[in-house]
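Visitor: What follows is coords.txt; its format and atoms are compact mmCIF, C-alpha atoms.
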# COMPACT_ATOMS: atom_id res chain seq x y z
CA MET A 5 0.00 0.00 0.00
CA ASN A 6 1.21 3.52 -0.78
CA THR A 7 -0.52 5.01 2.26
CA SER A 8 0.11 2.78 5.24
CA PHE A 9 -2.70 1.89 7.58
CA GLN A 10 -0.76 3.49 10.43
CA GLN A 11 -0.62 6.76 8.46
CA MET A 12 -4.37 6.57 7.93
CA LEU A 13 -4.92 5.92 11.65
CA SER A 14 -2.75 8.86 12.58
CA SER A 15 -4.96 11.10 10.46
CA VAL A 16 -7.99 10.34 12.65
CA PRO A 17 -8.65 13.40 14.85
CA ALA A 18 -8.40 12.77 18.61
CA ASN A 19 -12.04 13.73 19.21
CA ILE A 20 -13.28 11.23 16.61
CA GLN A 21 -11.06 8.43 17.98
CA GLN A 22 -12.40 9.22 21.45
CA GLU A 23 -15.97 9.02 20.10
CA VAL A 24 -15.20 5.66 18.41
CA ASP A 25 -13.62 4.28 21.58
CA LEU A 26 -16.55 5.29 23.80
CA GLU A 27 -19.10 3.86 21.37
CA ILE A 28 -17.24 0.54 21.17
CA ALA A 29 -16.75 0.39 24.95
CA LEU A 30 -20.46 1.01 25.57
CA SER A 31 -21.54 -1.60 23.02
CA ASN A 32 -19.15 -4.18 24.46
CA ARG A 33 -20.39 -3.47 27.99
CA ILE A 34 -24.03 -3.84 26.93
CA ASN A 35 -23.19 -7.07 25.08
CA ASP A 36 -21.41 -8.43 28.16
CA LEU A 37 -24.35 -7.57 30.42
CA MET A 38 -26.83 -9.15 27.99
CA THR A 39 -24.68 -12.31 27.95
CA GLU A 40 -24.39 -12.34 31.74
CA ARG A 41 -28.17 -12.06 32.07
CA GLY A 42 -28.79 -14.61 29.32
CA LEU A 43 -30.78 -12.14 27.23
CA SER A 44 -31.24 -12.56 23.49
CA LYS A 45 -31.50 -9.44 21.34
CA LEU A 46 -35.25 -9.95 20.99
CA GLU A 47 -35.81 -10.52 24.71
CA PHE A 48 -33.73 -7.46 25.55
CA ALA A 49 -35.59 -5.29 23.03
CA ASN A 50 -38.98 -6.50 24.28
CA ALA A 51 -38.03 -5.91 27.92
CA LEU A 52 -37.20 -2.29 27.08
CA GLY A 53 -40.09 -1.73 24.66
CA LYS A 54 -37.66 -1.15 21.81
CA ARG A 55 -37.35 -2.62 18.33
CA PRO A 56 -34.61 -5.25 17.81
CA SER A 57 -33.11 -2.94 15.15
CA GLU A 58 -32.47 -0.39 17.91
CA VAL A 59 -30.54 -3.01 19.90
CA THR A 60 -28.59 -3.88 16.71
CA LYS A 61 -27.45 -0.24 16.58
CA TRP A 62 -26.47 -0.22 20.27
CA LEU A 63 -24.38 -3.36 19.80
CA SER A 64 -22.72 -2.17 16.58
CA GLY A 65 -20.05 -0.17 18.38
CA GLN A 66 -20.96 2.82 16.24
CA HIS A 67 -24.02 4.24 17.99
CA ASN A 68 -23.96 7.80 19.29
CA PHE A 69 -25.66 7.13 22.64
CA THR A 70 -27.68 9.86 24.31
CA ILE A 71 -27.66 10.41 28.08
CA ARG A 72 -31.29 9.29 27.98
CA THR A 73 -30.43 5.90 26.46
CA ILE A 74 -27.45 5.39 28.77
CA SER A 75 -29.72 6.14 31.74
CA LEU A 76 -32.40 3.77 30.47
CA LEU A 77 -29.87 0.95 30.08
CA SER A 78 -28.17 1.67 33.42
CA ALA A 79 -31.54 1.54 35.19
CA PHE A 80 -32.45 -1.69 33.40
CA PHE A 81 -29.21 -3.45 34.33
CA GLY A 82 -29.12 -1.90 37.79
CA GLU A 83 -25.60 -0.58 37.36
CA SER A 84 -23.91 2.41 35.77
CA LEU A 85 -22.69 1.94 32.23
CA ILE A 86 -20.35 4.92 32.48
CA HIS A 87 -18.40 6.51 35.31
CA VAL A 88 -17.63 10.22 35.36
CA GLU A 89 -14.99 11.32 37.85
CA MET N 5 -11.54 -10.06 -16.05
CA SER N 6 -8.68 -8.32 -14.19
CA GLU N 7 -5.83 -9.82 -12.28
CA ALA N 8 -5.68 -8.96 -8.59
CA GLU N 9 -3.75 -9.92 -5.50
CA LEU N 10 -4.37 -9.93 -1.78
CA ILE N 11 -2.48 -7.25 0.17
CA LEU N 12 -1.86 -7.17 3.92
CA VAL N 13 -3.14 -3.94 5.51
CA ASN N 14 -2.62 -4.56 9.22
CA GLU N 15 -1.66 -7.54 11.31
CA ALA N 16 -2.80 -7.74 14.93
CA LYS N 17 -3.48 -10.45 17.47
CA ASN N 18 -7.25 -10.36 17.18
CA CYS N 19 -7.74 -9.46 13.52
CA THR N 20 -5.74 -9.35 10.32
CA LEU N 21 -6.87 -6.79 7.75
CA TYR N 22 -6.33 -7.34 4.05
CA THR N 23 -7.36 -5.52 0.89
CA ILE N 24 -7.44 -6.31 -2.82
CA GLN N 25 -5.02 -4.78 -5.33
CA PHE N 26 -5.86 -4.95 -9.02
CA LEU N 27 -2.54 -5.23 -10.87
CA SER N 28 -3.77 -2.66 -13.41
CA GLU N 29 -4.34 -0.06 -10.64
CA ASP N 30 -1.86 2.07 -8.69
CA GLU N 31 -3.82 1.90 -5.46
CA SER N 32 -5.49 -0.93 -3.58
CA GLU N 33 -9.27 -1.00 -3.23
CA PHE N 34 -9.14 0.34 0.35
CA GLU N 35 -6.65 3.09 -0.54
CA GLN N 36 -8.95 4.20 -3.36
CA PHE N 37 -11.81 4.44 -0.87
CA TYR N 38 -9.65 6.37 1.60
CA ASN N 39 -8.25 8.77 -0.99
CA LYS N 40 -11.69 9.46 -2.48
CA PHE N 41 -12.99 10.92 0.78
CA LYS N 42 -9.99 12.06 2.81
CA ASP N 43 -10.28 15.62 1.52
CA ASP N 44 -14.07 15.61 1.18
CA VAL N 45 -15.49 18.18 3.59
CA GLU N 46 -18.85 16.41 3.85
CA PHE N 47 -17.68 12.81 4.19
CA ASN N 48 -14.27 13.13 5.86
CA PRO N 49 -15.71 12.83 9.41
CA ASP N 50 -17.54 9.60 8.49
CA LEU N 51 -14.38 8.28 6.79
CA MET N 52 -12.36 9.07 9.93
CA ARG N 53 -14.94 7.21 12.07
CA ILE N 54 -14.59 4.16 9.79
CA VAL N 55 -10.77 4.27 9.86
CA GLY N 56 -10.74 4.77 13.65
CA PHE N 57 -13.16 1.88 14.01
CA LEU N 58 -10.99 -0.39 11.82
CA GLY N 59 -8.07 0.45 14.09
CA ARG N 60 -10.00 -0.83 17.10
CA ILE N 61 -11.14 -3.97 15.26
CA ALA N 62 -7.49 -4.98 15.50
CA ASP N 63 -8.00 -5.12 19.28
CA PHE N 64 -11.53 -6.49 19.51
CA GLY N 65 -11.86 -8.59 16.35
CA ALA N 66 -14.19 -8.18 13.38
CA LEU N 67 -17.22 -9.24 15.39
CA GLU N 68 -20.39 -9.89 13.42
CA ARG N 69 -22.39 -7.31 15.38
CA TYR N 70 -20.01 -4.53 14.24
CA PHE N 71 -21.10 -4.91 10.60
CA ARG N 72 -24.09 -4.37 8.37
CA PRO N 73 -24.91 -7.54 6.40
CA GLU N 74 -24.73 -6.74 2.69
CA GLY N 75 -24.56 -8.81 -0.47
CA LYS N 76 -26.40 -12.12 -0.32
CA MET N 77 -27.07 -14.66 2.43
CA SER N 78 -24.63 -17.04 0.71
CA ASP N 79 -21.63 -14.69 0.79
CA ASN N 80 -19.56 -12.93 3.45
CA VAL N 81 -19.95 -9.36 2.18
CA VAL N 82 -20.61 -6.79 4.91
CA ALA N 83 -20.53 -3.01 5.15
CA LEU N 84 -19.56 -0.26 7.56
CA PRO N 85 -21.01 1.69 9.21
CA VAL N 86 -24.08 0.06 10.79
CA VAL N 87 -25.44 3.43 11.90
CA THR N 88 -26.89 6.17 9.71
CA SER N 89 -24.41 7.48 7.17
CA LYS N 90 -24.44 7.71 3.42
CA LEU N 91 -20.83 6.53 3.23
CA ARG N 92 -20.32 2.79 2.79
CA LEU N 93 -17.17 0.70 2.98
CA TYR N 94 -17.71 -2.83 1.71
CA CYS N 95 -15.71 -5.67 3.23
CA LEU N 96 -15.44 -9.42 3.18
CA ARG N 97 -15.70 -10.77 6.72
CA LEU N 98 -14.26 -14.29 6.70
CA SER N 99 -14.25 -14.59 10.50
CA ASP N 100 -13.79 -12.53 13.68
CA LYS N 101 -10.06 -12.59 12.89
CA ILE N 102 -9.92 -12.06 9.12
CA LEU N 103 -11.36 -9.02 7.34
CA ILE N 104 -10.76 -8.04 3.70
CA LEU N 105 -11.38 -4.37 3.00
CA GLY N 106 -12.88 -3.44 -0.33
CA ASN N 107 -13.85 -0.16 -1.93
CA GLY N 108 -16.91 1.93 -1.20
CA GLY N 109 -18.71 5.16 -1.87
CA VAL N 110 -21.70 7.32 -1.15
CA LYS N 111 -24.99 5.47 -1.13
CA LYS N 112 -27.47 7.61 -3.05
CA THR N 113 -30.03 4.94 -3.84
CA ARG N 114 -32.24 2.76 -1.63
CA SER N 115 -30.11 -0.32 -2.22
CA TYR N 116 -26.55 -0.73 -3.50
CA GLU N 117 -27.90 -2.83 -6.37
CA GLU N 118 -29.45 0.28 -7.93
CA ASP N 119 -26.03 1.96 -8.08
CA ASP N 120 -23.56 0.67 -10.70
CA GLU N 121 -20.49 1.89 -8.81
CA LEU N 122 -21.46 0.40 -5.44
CA SER N 123 -22.78 -2.84 -6.87
CA GLY N 124 -19.46 -3.18 -8.75
CA TYR N 125 -17.59 -3.06 -5.43
CA VAL N 126 -19.92 -5.63 -3.88
CA ILE N 127 -19.64 -7.94 -6.92
CA THR N 128 -15.81 -7.73 -6.73
CA LEU N 129 -15.97 -8.92 -3.11
CA GLN N 130 -18.55 -11.60 -3.90
CA ASN N 131 -16.29 -12.93 -6.68
CA PHE N 132 -13.26 -12.81 -4.40
CA ASP N 133 -15.21 -14.66 -1.71
CA LYS N 134 -16.05 -17.38 -4.25
CA LEU N 135 -12.41 -17.66 -5.36
CA ILE N 136 -11.23 -18.00 -1.75
CA LYS N 137 -13.77 -20.77 -1.15
CA GLU N 138 -12.64 -22.56 -4.32
CA GLY N 139 -8.97 -22.03 -3.46
CA THR N 140 -9.33 -23.44 0.05
CA GLU N 141 -11.13 -26.47 -1.36
CA SER N 142 -8.43 -27.08 -3.99
CA GLY N 143 -5.59 -26.35 -1.54
CA THR N 144 -4.11 -23.34 -3.39
CA ILE N 145 -5.21 -21.07 -0.50
CA ILE N 146 -4.84 -21.85 3.18
CA VAL N 147 -7.02 -19.95 5.62
CA THR N 148 -5.67 -20.27 9.17
CA GLU N 149 -7.25 -18.87 12.33
CA ASN N 150 -6.12 -15.31 11.51
CA LYS N 151 -4.29 -15.45 8.17
CA ILE N 152 -4.83 -16.13 4.50
CA VAL N 153 -1.81 -17.90 3.03
CA THR N 154 -1.51 -17.69 -0.74
CA ASP N 155 0.94 -16.52 -3.39
CA LYS N 156 -1.55 -16.70 -6.21
CA THR N 157 -3.17 -13.90 -8.15
CA PHE N 158 -6.91 -13.86 -8.71
CA ASP N 159 -8.93 -13.27 -11.88
CA LEU N 160 -11.75 -11.01 -10.84
Starting from the file, give its structure as structure tokens.

Guide:
Amino acid sequence: MNTSFQQMLSSVPANIQQEVDLEIALSNRINDLMTERGLSKLEFANALGKRPSEVTKWLSGQHNFTIRTISLLSAFFGESLIHVE
Amino acid sequence: MSEAELILVNEAKNCTLYTIQFLSEDESEFEQFYNKFKDDVEFNPDLMRIVGFLGRIADFGALERYFRPEGKMSDNVVALPVVTSKLRLYCLRLSDKILILGNGGVKKTRSYEEDDELSGYVITLQNFDKLIKEGTESGTIIVTENKIVTDKTFDL
């Protein structure tokens, strides 16, 4: 390749990489909690009154979560999904 | 038909990224995608999100839930991003640990099949997918847990 992958990665602005990292971290956490609780995507969606396609977006690692959604999910799982210090 | 070869993009513990290089072209399929949008004011942020995401796939693997299923049920063609964006990067996801990056563009129609440029990128990956399957069956290509081992060129 003429442009190396590392060069491409270094062109990603810090704020966008931070956004990507947070979105992936949240999706992985939700996926882990669903697995721990033995919830399928459909069961999880039904329990929250959401469409399965919404859960697909949450688990994609690319969803721009709102505070409202994070709060909904934290309340559902009974634990905070994010910690602000 | 055009001759093409498989190019290594990035090697990491949890996922190896490859792309396709047509021998008649100066740039690989993924480089063409990158260069098309890197200076595009409208689509650069979405491109940067895709590149940043691909960087993290190296750590977490090319998990199925990170991709939008594209192509047909019988092939391994997927797209990024899953969330709302008109930009599409088409890929061939062989497993959590092997991802082949293709080309992509701006989706202006309801489905990629209605767009000659985008459907061309998907067809390239579908054909490549078929050749990998045939090659592994005949023994000319070896697909390990996280690598594709071949020195052959492909007629796409």

Visitor: I want to know what sits within 8 Å of Thr20 (chain N), based on only C-alpha atoms, with residues of the same chain fewer than 3 positions away left out; could you give that as a list in words?

Guide: Leu12, Val13, Asn14, Glu15, Ala16, Lys17, Ala62, Lys101, Ile102, Leu103, Asn150 and Lys151 of chain N

Visitor: Write a file of the just-selected residues containing C-alpha atoms, as a PDB file, keeping the file's coordinate frame.

Guide:
ATOM      1  CA  LEU N  12      -1.860  -7.170   3.920  1.00  0.00           C
ATOM      2  CA  VAL N  13      -3.140  -3.940   5.510  1.00  0.00           C
ATOM      3  CA  ASN N  14      -2.620  -4.560   9.220  1.00  0.00           C
ATOM      4  CA  GLU N  15      -1.660  -7.540  11.310  1.00  0.00           C
ATOM      5  CA  ALA N  16      -2.800  -7.740  14.930  1.00  0.00           C
ATOM      6  CA  LYS N  17      -3.480 -10.450  17.470  1.00  0.00           C
ATOM      7  CA  ALA N  62      -7.490  -4.980  15.500  1.00  0.00           C
ATOM      8  CA  LYS N 101     -10.060 -12.590  12.890  1.00  0.00           C
ATOM      9  CA  ILE N 102      -9.920 -12.060   9.120  1.00  0.00           C
ATOM     10  CA  LEU N 103     -11.360  -9.020   7.340  1.00  0.00           C
ATOM     11  CA  ASN N 150      -6.120 -15.310  11.510  1.00  0.00           C
ATOM     12  CA  LYS N 151      -4.290 -15.450   8.170  1.00  0.00           C
TER      13      LYS N 151
END

Visitor: Show me, as a Markdown table, the residues of chain N having an atom within 8 Å of chain A, each with the closest atom pair and its distance in Å, using all atoms listed in the file.

Guide:
| residue | atom | partner | partner_atom | distance |
| --- | --- | --- | --- | --- |
| N:Ile11 | CA | A:Met5 | CA | 7.7 |
| N:Val13 | CA | A:Phe9 | CA | 6.2 |
| N:Asn14 | CA | A:Phe9 | CA | 6.7 |
| N:Glu31 | CA | A:Met5 | CA | 6.9 |
| N:Ser32 | CA | A:Met5 | CA | 6.6 |
| N:Glu35 | CA | A:Thr7 | CA | 7.0 |
| N:Pro49 | CA | A:Ile20 | CA | 7.8 |
| N:Met52 | CA | A:Val16 | CA | 5.3 |
| N:Arg53 | CA | A:Ile20 | CA | 6.3 |
| N:Val55 | CA | A:Leu13 | CA | 6.3 |
| N:Gly56 | CA | A:Gln21 | CA | 5.7 |
| N:Phe57 | CA | A:Val24 | CA | 6.1 |
| N:Gly59 | CA | A:Leu13 | CA | 6.8 |
| N:Arg60 | CA | A:Asp25 | CA | 7.7 |
| N:Arg69 | CA | A:Ser64 | CA | 5.3 |
| N:Tyr70 | CA | A:Ser64 | CA | 4.3 |
| N:Phe71 | CA | A:Ser64 | CA | 6.8 |
| N:Pro85 | CA | A:Gln66 | CA | 7.1 |
| N:Val86 | CA | A:Ser64 | CA | 6.4 |
| N:Val87 | CA | A:Gln66 | CA | 6.3 |

Visitor: Could you work out how far CA of Val59 (chain A) lies from CA of Leu77 (chain A), giving the answer in Å with one decimal?

Guide: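 Computing it gives 10.9 Å between the two atoms.
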
Visitor: For a test of reading the model, state the distance in Å between CA of Glu40 (chain A) and CA of Ile61 (chain N), rounded to one decimal.

Guide: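 That distance, rounded to one decimal, is 22.7 Å.
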
Visitor: Using all atoms listed in the file, find the one residue out of N:Leu93, N:Glu9, N:Phe132, N:Phe47 that sits nearest to Ser28 (chain N).

Guide: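 Closest to Ser28 (chain N) of all the choices is N:Glu9.
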
Visitor: CA of Ser78 (chain A) to CA of Leu30 (chain A): how many Å, to one decimal?

Guide: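 It comes out at 11.0 Å.
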
Visitor: Taking into account all atoms listed in the file, which residue in the set N:Gly109, N:Ser99, N:Glu149, N:Asp120 is nearest to Leu67 (chain N)?

Guide: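 The shortest atom-to-atom distance to Leu67 (chain N) comes from N:Ser99.
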
Visitor: Tell me which of N:Thr23, N:Ala83, N:Arg92, N:Thr148 sits closest to Gly106 (chain N), counting all atoms listed in the file.

Guide: N:Thr23

Visitor: For the point (-6.6, -23.0, -2.8) in file coordinates, what residues are within 12 Å, counting only C-alpha atoms? Give the answer as a list in words?

Guide: Lys134, Leu135, Ile136, Lys137, Glu138, Gly139, Thr140, Glu141, Ser142, Gly143, Thr144, Ile145, Ile146, Val147, Ile152, Val153, Thr154, Asp155, Lys156, Thr157 and Phe158 of chain N

Visitor: Counting only C-alpha atoms, which of N:Ser115, N:Asn48, N:Asn39, N:Gln25 gets nearest to Leu129 (chain N)?

Guide: N:Gln25

Visitor: Using all atoms listed in the file, which of the listed residues (A:Leu37, A:Leu26, A:Gln11, A:Lys45) sits closest to Ser84 (chain A)?

Guide: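 Of all the options, A:Leu37 lies closest to Ser84 (chain A).
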